[in-house]
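Comments concern the structure below.
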Amino acid sequence: MNREALKKAVLEALAAVAPELDPDTLRPNEPLREQLDIDSFDFLQFIIGLDQNLSLSIPETDYGRLTTLDALVDYLGEKLGGRPGGK
Amino acid sequence: MAEFRMPSLGADMEAGTLVEWRVRPGDTVKRGDIVALVETQKGIIEVELFESGTLQELLVKPGEKVPVGAVLALVRAEGEAVAPSVAAPAQPPAPPSATPPTPAPSVGAPPSARPETGVAPPAPSAHRPRASPAARSAAARLGVDLARVSGTGPGGAISLEDVERAARAEAPPAPPSAPPLPSPEARRAGMRQAIAAAMARSKREIPHYYLDTRIDLERARAWLREQNERLPVAERMLPLVLFLKAVALATRQFPELNGLWEGGAFRPSRAVHLGVVISLRQGGLMVPALHDVTEKPLGTLMRELSDLIQRARRGALRSSELADSTLTVTSLGEPGADRVLGVIFPPQVAIVGFGSVRELPWVVEGRCVPRPLVTASLSADHRVSDGHRGAAFLARVERLLQEPEKL
């Protein structure tokens, strides 16, 4: 998957927990959880959404890397690199 | 005959508006069935039935606002005889009259919309009543039987006004319209009022005392991480589930923190139904109950918690979930603050709070090491317990969290 496709997948999973999300106003280098007021439960639902959309199980130990939109896309690109795209 | 009443869905609730019935008279119903939707200041709640049997009668129409405790419907137990209607008592026999009032179908109204009167339709009139041409035309248009209209014209002739009056009198009442749903702004304002009312009552009536303690979560976090590595992503557990189970188990030794203050006395509860404070994305909060927390394994609690949070946030909670809590837990999660000192939800007598888990210096065996710490707090009612017992309760919660595998 290219970067744009990964970003789209992330935004879709985010929109499921933060329906008011406006991708145009999301700042890619600032903390996602603060921008979208995502609590621990929402974050878990977001991780579940990524798992379903991308068939990628993100370990809890990597949660600390998933702070911003750019960081997320970087992480997913690294994990899915060379692998056929998700669903 | 059992009376199904408007439930109290929180200390702040005085009345509710019936939005919709999901059952009809004659339906077989059982305890736990969702039979109605009720609008409260906190949103629309699915109201469950607490009796099994046959629904005898609905006494409140959609759109009506009634106080807590008002009878909404009657439920006939199995084998119980059919009772006479309460809402529409049998009418006494009408005195003989030349022109008894009789319902006339309104234009366009389907037959099924007519009220059931139980009265046989009148026999066709034997003679043609005296009526003006305009009256006859209007009677045909409005479906009014002239034989049943009292004429006020010369010699008792029926006028156009008589026909129109008869049509108005006999027209079935307009079906109750569903209450207009409040705007998001009105709902938010209502929720804030409800929260303020409950919290003001709490602070006015309950002599709170507050305690807090720091708990090292190193073992609990490591154990949870290990469990979550084995579980499918969709079944991963949050630290909150450990907190809930630890609090519930701790109440076994501290029953004075689990129960309700009612009628000037404390009534401990054998069951532990934990109210969980859930913040809503649009602002405000709900505090539905997780039932029988001591009896359930962590995985089950996580599934139920997940379901509860999602339904709270989309406005699909059930009445029992808002009325059953015996003790409340609030957790700030991440991101959050170091500690929370809760305000007790009356008629409960305690609330336990958990701040955010922070990586902080902690002394272990004489060495200062970084540890994940959480501040657990207790706000409790001095009418029922005191600080000594409250502190022992928090210490018990701490010990339980040191052995997560036993939760």
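Residue names in the structure tokens use chain letters A, B, ... in the order shown, residue numbers from 1 in each chain, and ligand numbers from 1 in the order shown.
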
Exercise for review: For range 28-45 of chain A, work out the shell of residues within 9 Å, counting only C-alpha atoms and skipping chain neighbours fewer than 6 positions away, then give it as a list in words.
Suggested key: Ala13, Leu14, Ala16, Val17, Ala18, Glu20, Leu21, Leu66, Thr67, Thr68, Leu69, Asp70 and Ala71 of chain A; Val233, Ala234, Arg236, Met237, Leu238, Arg281, Ser306, Ile309, Leu332, Gly333, Glu334, Pro335 and Gly336 of chain B

Enumerate, in order of chain and increasing residue number, the residues of chain B with an atom no farther than 12 Å from chain A, each with its shortest atom pair and distance in Å to one decimal, counting only C-alpha atoms, as a Markdown table.
```
| residue | atom | partner | partner_atom | distance |
| --- | --- | --- | --- | --- |
| B:Arg221 | CA | A:Glu60 | CA | 11.0 |
| B:Ala222 | CA | A:Thr61 | CA | 10.8 |
| B:Leu224 | CA | A:Glu60 | CA | 10.1 |
| B:Arg225 | CA | A:Glu60 | CA | 7.1 |
| B:Glu226 | CA | A:Glu60 | CA | 9.7 |
| B:Gln227 | CA | A:Glu60 | CA | 10.8 |
| B:Asn228 | CA | A:Glu60 | CA | 7.7 |
| B:Glu229 | CA | A:Pro59 | CA | 6.9 |
| B:Arg230 | CA | A:Pro59 | CA | 10.1 |
| B:Leu231 | CA | A:Ser57 | CA | 10.4 |
| B:Pro232 | CA | A:Ser57 | CA | 8.1 |
| B:Val233 | CA | A:Ile48 | CA | 5.9 |
| B:Ala234 | CA | A:Ile48 | CA | 5.6 |
| B:Glu235 | CA | A:Ile48 | CA | 9.1 |
| B:Arg236 | CA | A:Leu44 | CA | 8.1 |
| B:Met237 | CA | A:Leu44 | CA | 8.9 |
| B:Leu238 | CA | A:Phe41 | CA | 7.6 |
| B:Pro239 | CA | A:Ser40 | CA | 9.4 |
| B:Leu240 | CA | A:Ser40 | CA | 9.4 |
| B:Val241 | CA | A:Phe41 | CA | 11.2 |
| B:Ile278 | CA | A:Phe41 | CA | 10.2 |
| B:Ser279 | CA | A:Asp39 | CA | 9.3 |
| B:Leu280 | CA | A:Asp37 | CA | 10.5 |
| B:Arg281 | CA | A:Asp37 | CA | 7.9 |
| B:Gln282 | CA | A:Glu20 | CA | 9.6 |
| B:Gly283 | CA | A:Asp37 | CA | 11.0 |
| B:Met302 | CA | A:Phe41 | CA | 10.6 |
| B:Arg303 | CA | A:Phe41 | CA | 11.8 |
| B:Leu305 | CA | A:Phe41 | CA | 9.7 |
| B:Ser306 | CA | A:Phe41 | CA | 7.9 |
| B:Asp307 | CA | A:Phe41 | CA | 11.1 |
| B:Leu308 | CA | A:Phe41 | CA | 11.4 |
| B:Ile309 | CA | A:Phe41 | CA | 8.4 |
| B:Gln310 | CA | A:Phe41 | CA | 9.6 |
| B:Arg313 | CA | A:Val17 | CA | 10.3 |
| B:Arg314 | CA | A:Val17 | CA | 11.3 |
| B:Ser331 | CA | A:Ser40 | CA | 10.2 |
| B:Leu332 | CA | A:Asp39 | CA | 8.5 |
| B:Gly333 | CA | A:Ser40 | CA | 5.8 |
| B:Glu334 | CA | A:Ser40 | CA | 5.5 |
| B:Pro335 | CA | A:Asp39 | CA | 6.6 |
| B:Gly336 | CA | A:Asp39 | CA | 8.6 |
| B:Ser356 | CA | A:Ser40 | CA | 10.2 |
| B:Val357 | CA | A:Ser40 | CA | 11.3 |
```

Just write the chosen residues, C-alpha atoms, as an mmCIF file, in the first residue's frame.
```cif
data_model
loop_
_atom_site.group_PDB
_atom_site.id
_atom_site.type_symbol
_atom_site.label_atom_id
_atom_site.label_comp_id
_atom_site.auth_asym_id
_atom_site.auth_seq_id
_atom_site.Cartn_x
_atom_site.Cartn_y
_atom_site.Cartn_z
ATOM 1 C CA ARG B 221 0.578 -3.985 33.708
ATOM 2 C CA ALA B 222 3.033 -6.766 32.899
ATOM 3 C CA LEU B 224 -2.139 -7.507 31.315
ATOM 4 C CA ARG B 225 0.394 -7.080 28.541
ATOM 5 C CA GLU B 226 1.123 -10.780 28.595
ATOM 6 C CA GLN B 227 -2.581 -11.603 28.406
ATOM 7 C CA ASN B 228 -3.176 -9.130 25.611
ATOM 8 C CA GLU B 229 -0.331 -10.562 23.550
ATOM 9 C CA ARG B 230 -2.187 -13.861 23.498
ATOM 10 C CA LEU B 231 -5.596 -12.403 22.793
ATOM 11 C CA PRO B 232 -7.025 -11.337 19.442
ATOM 12 C CA VAL B 233 -6.925 -7.560 19.114
ATOM 13 C CA ALA B 234 -10.695 -7.315 19.518
ATOM 14 C CA GLU B 235 -10.495 -9.048 22.905
ATOM 15 C CA ARG B 236 -7.679 -7.058 24.443
ATOM 16 C CA MET B 237 -8.364 -5.759 27.912
ATOM 17 C CA LEU B 238 -7.880 -2.311 29.372
ATOM 18 C CA PRO B 239 -6.457 -1.626 32.841
ATOM 19 C CA LEU B 240 -9.916 -0.362 33.794
ATOM 20 C CA VAL B 241 -11.179 -3.938 33.845
ATOM 21 C CA ILE B 278 -18.520 7.123 30.707
ATOM 22 C CA SER B 279 -17.747 10.447 29.090
ATOM 23 C CA LEU B 280 -19.647 11.257 25.929
ATOM 24 C CA ARG B 281 -17.946 12.746 22.914
ATOM 25 C CA GLN B 282 -20.504 15.516 22.637
ATOM 26 C CA GLY B 283 -19.963 16.411 26.306
ATOM 27 C CA MET B 302 -14.212 -6.379 29.115
ATOM 28 C CA ARG B 303 -16.816 -7.476 26.581
ATOM 29 C CA LEU B 305 -17.754 -2.892 29.380
ATOM 30 C CA SER B 306 -17.073 -2.428 25.679
ATOM 31 C CA ASP B 307 -20.733 -2.979 24.863
ATOM 32 C CA LEU B 308 -21.795 -0.597 27.616
ATOM 33 C CA ILE B 309 -19.484 2.194 26.484
ATOM 34 C CA GLN B 310 -20.544 1.885 22.873
ATOM 35 C CA ARG B 313 -22.187 6.805 23.403
ATOM 36 C CA ARG B 314 -24.831 6.067 20.817
ATOM 37 C CA SER B 331 -11.266 6.301 35.686
ATOM 38 C CA LEU B 332 -9.611 9.117 33.792
ATOM 39 C CA GLY B 333 -7.673 6.790 31.497
ATOM 40 C CA GLU B 334 -5.269 8.302 29.018
ATOM 41 C CA PRO B 335 -4.776 11.191 28.615
ATOM 42 C CA GLY B 336 -6.090 12.430 31.905
ATOM 43 C CA SER B 356 -4.030 8.271 34.744
ATOM 44 C CA VAL B 357 -1.222 5.762 34.930
#
```

So which residues touch Glu20 in chain B within 9 Å, counting only C-alpha atoms, skipping near sequence neighbours fewer than 6 positions away, as a PDB file with C-alpha atoms, in the first residue's frame?
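Result saved to around.pdb:
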```pdb
ATOM      1  CA  VAL B  35     -41.079  -2.382  26.151  1.00  0.00           C
ATOM      2  CA  ALA B  36     -40.715   1.373  25.773  1.00  0.00           C
ATOM      3  CA  LEU B  37     -38.382   4.219  24.967  1.00  0.00           C
ATOM      4  CA  VAL B  38     -38.334   7.070  27.461  1.00  0.00           C
ATOM      5  CA  LYS B  61     -49.457   7.732  25.242  1.00  0.00           C
ATOM      6  CA  PRO B  62     -46.315   8.623  23.314  1.00  0.00           C
ATOM      7  CA  GLY B  63     -45.498  12.255  23.923  1.00  0.00           C
ATOM      8  CA  ALA B 178     -44.238  11.441  18.813  1.00  0.00           C
TER       9      ALA B 178
END
```

Exercise for review: Considering only C-alpha atoms, return as JSON, numbers by chain whatever protein or nucleic-acid residues lie within 9 Å of Gly259 in chain B, sequence-local ones (same chain, fewer than 5 positions apart) excluded.
Suggested key: {"B": [266, 267, 268, 269, 270, 271, 272, 325, 326, 327, 347, 348, 349, 350]}

Study note, to complete from the structure: The residue from A:Ala15, A:Leu54, A:Pro23, A:Val10 with the smallest atom-to-atom distance to Leu72 in chain A, counting only C-alpha atoms, is A:Val10

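CA of Ala392 in chain B is positioned 21.4 Å from CA of Trp362 in chain B.
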
Exercise for review: Please report, as a PyMOL selection string, each residue of chain A to which DSSP assigns alpha helix (DSSP H) when run on this structure's backbone.
Suggested key: chain A and resi 3-17+32-36+40-54+69-80

Selected residues, N, CA and C atoms, written as a compact mmCIF listing (two decimals), in the first residue's frame, please.
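Saved as again05.txt:
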```txt
# COMPACT_ATOMS: atom_id res chain seq x y z
N ARG A 3 1.58 5.41 0.61
CA ARG A 3 1.37 6.27 1.77
C ARG A 3 -0.05 6.85 1.81
N GLU A 4 -0.53 7.22 0.65
CA GLU A 4 -1.88 7.80 0.60
C GLU A 4 -2.93 6.76 1.00
N ALA A 5 -2.74 5.54 0.55
CA ALA A 5 -3.70 4.48 0.89
C ALA A 5 -3.65 4.19 2.39
N LEU A 6 -2.44 4.21 2.95
CA LEU A 6 -2.32 3.98 4.40
C LEU A 6 -2.99 5.10 5.19
N LYS A 7 -2.77 6.32 4.71
CA LYS A 7 -3.38 7.46 5.39
C LYS A 7 -4.90 7.36 5.35
N LYS A 8 -5.40 6.94 4.20
CA LYS A 8 -6.85 6.78 4.05
C LYS A 8 -7.38 5.72 5.03
N ALA A 9 -6.63 4.62 5.15
CA ALA A 9 -7.05 3.56 6.08
C ALA A 9 -7.05 4.05 7.52
N VAL A 10 -6.03 4.84 7.86
CA VAL A 10 -5.96 5.39 9.22
C VAL A 10 -7.14 6.33 9.48
N LEU A 11 -7.42 7.19 8.52
CA LEU A 11 -8.51 8.15 8.71
C LEU A 11 -9.87 7.44 8.82
N GLU A 12 -10.01 6.37 8.08
CA GLU A 12 -11.27 5.60 8.17
C GLU A 12 -11.43 5.00 9.56
N ALA A 13 -10.36 4.44 10.08
CA ALA A 13 -10.43 3.84 11.42
C ALA A 13 -10.63 4.91 12.49
N LEU A 14 -10.03 6.07 12.26
CA LEU A 14 -10.22 7.17 13.22
C LEU A 14 -11.66 7.69 13.19
N ALA A 15 -12.20 7.79 11.99
CA ALA A 15 -13.57 8.33 11.85
C ALA A 15 -14.59 7.44 12.56
N ALA A 16 -14.25 6.15 12.68
CA ALA A 16 -15.18 5.24 13.35
C ALA A 16 -15.28 5.55 14.84
N VAL A 17 -14.21 6.08 15.42
CA VAL A 17 -14.26 6.40 16.86
C VAL A 17 -14.45 7.89 17.11
N LEU A 32 -2.39 12.86 18.01
CA LEU A 32 -3.74 12.54 17.52
C LEU A 32 -4.76 12.51 18.65
N ARG A 33 -4.36 11.88 19.75
CA ARG A 33 -5.33 11.67 20.82
C ARG A 33 -5.78 12.99 21.42
N GLU A 34 -4.88 13.93 21.48
CA GLU A 34 -5.28 15.24 22.01
C GLU A 34 -6.16 15.98 21.01
N GLN A 35 -5.80 15.90 19.74
CA GLN A 35 -6.59 16.62 18.73
C GLN A 35 -8.02 16.08 18.64
N LEU A 36 -8.16 14.78 18.82
CA LEU A 36 -9.48 14.16 18.61
C LEU A 36 -10.14 13.74 19.92
N SER A 40 -8.73 5.98 26.21
CA SER A 40 -8.12 4.65 26.10
C SER A 40 -9.04 3.68 25.35
N PHE A 41 -10.33 3.76 25.64
CA PHE A 41 -11.27 2.87 24.97
C PHE A 41 -11.34 3.18 23.47
N ASP A 42 -11.43 4.46 23.14
CA ASP A 42 -11.47 4.85 21.72
C ASP A 42 -10.21 4.37 21.00
N PHE A 43 -9.08 4.50 21.69
CA PHE A 43 -7.83 4.12 21.06
C PHE A 43 -7.81 2.61 20.77
N LEU A 44 -8.31 1.84 21.72
CA LEU A 44 -8.38 0.40 21.48
C LEU A 44 -9.31 0.10 20.30
N GLN A 45 -10.43 0.80 20.22
CA GLN A 45 -11.34 0.59 19.09
C GLN A 45 -10.66 0.96 17.77
N PHE A 46 -9.84 1.99 17.81
CA PHE A 46 -9.09 2.41 16.63
C PHE A 46 -8.11 1.31 16.20
N ILE A 47 -7.42 0.74 17.19
CA ILE A 47 -6.47 -0.35 16.90
C ILE A 47 -7.23 -1.56 16.31
N ILE A 48 -8.40 -1.83 16.87
CA ILE A 48 -9.22 -2.93 16.35
C ILE A 48 -9.64 -2.63 14.90
N GLY A 49 -9.98 -1.37 14.64
CA GLY A 49 -10.35 -0.97 13.28
C GLY A 49 -9.21 -1.17 12.30
N LEU A 50 -8.00 -0.80 12.71
CA LEU A 50 -6.83 -1.00 11.83
C LEU A 50 -6.60 -2.49 11.59
N ASP A 51 -6.79 -3.27 12.64
CA ASP A 51 -6.60 -4.71 12.51
C ASP A 51 -7.58 -5.27 11.48
N GLN A 52 -8.81 -4.78 11.54
CA GLN A 52 -9.83 -5.28 10.60
C GLN A 52 -9.58 -4.78 9.18
N ASN A 53 -9.16 -3.52 9.07
CA ASN A 53 -9.00 -2.93 7.73
C ASN A 53 -7.71 -3.37 7.03
N LEU A 54 -6.67 -3.58 7.84
CA LEU A 54 -5.36 -3.85 7.25
C LEU A 54 -4.84 -5.25 7.55
N LEU A 69 -0.49 11.38 13.14
CA LEU A 69 -0.93 10.79 11.87
C LEU A 69 0.29 10.37 11.04
N ASP A 70 1.28 11.24 10.97
CA ASP A 70 2.48 10.89 10.20
C ASP A 70 3.20 9.68 10.80
N ALA A 71 3.29 9.67 12.13
CA ALA A 71 3.98 8.55 12.79
C ALA A 71 3.23 7.24 12.53
N LEU A 72 1.92 7.33 12.54
CA LEU A 72 1.11 6.13 12.27
C LEU A 72 1.35 5.61 10.86
N VAL A 73 1.35 6.54 9.91
CA VAL A 73 1.53 6.12 8.52
C VAL A 73 2.93 5.54 8.34
N ASP A 74 3.91 6.17 8.99
CA ASP A 74 5.28 5.63 8.93
C ASP A 74 5.32 4.21 9.49
N TYR A 75 4.69 4.06 10.65
CA TYR A 75 4.70 2.75 11.33
C TYR A 75 4.04 1.69 10.45
N LEU A 76 2.90 2.03 9.91
CA LEU A 76 2.17 1.05 9.09
C LEU A 76 2.95 0.72 7.83
N GLY A 77 3.59 1.75 7.24
CA GLY A 77 4.38 1.51 6.04
C GLY A 77 5.52 0.54 6.34
N GLU A 78 6.12 0.73 7.52
CA GLU A 78 7.22 -0.14 7.93
C GLU A 78 6.73 -1.58 8.13
N LYS A 79 5.58 -1.71 8.82
CA LYS A 79 5.05 -3.05 9.13
C LYS A 79 4.52 -3.76 7.90
N LEU A 80 3.94 -2.98 6.99
CA LEU A 80 3.31 -3.60 5.83
C LEU A 80 4.23 -3.57 4.61
```

Review point. Between B:Val163, B:Ala380, B:Gln402, B:Val149, which is the closest to Asp216 in chain B once you count only C-alpha atoms?
Key: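 Going through B:Val163, B:Ala380, B:Gln402, B:Val149 one by one, the smallest distance to Asp216 in chain B is for B:Gln402.
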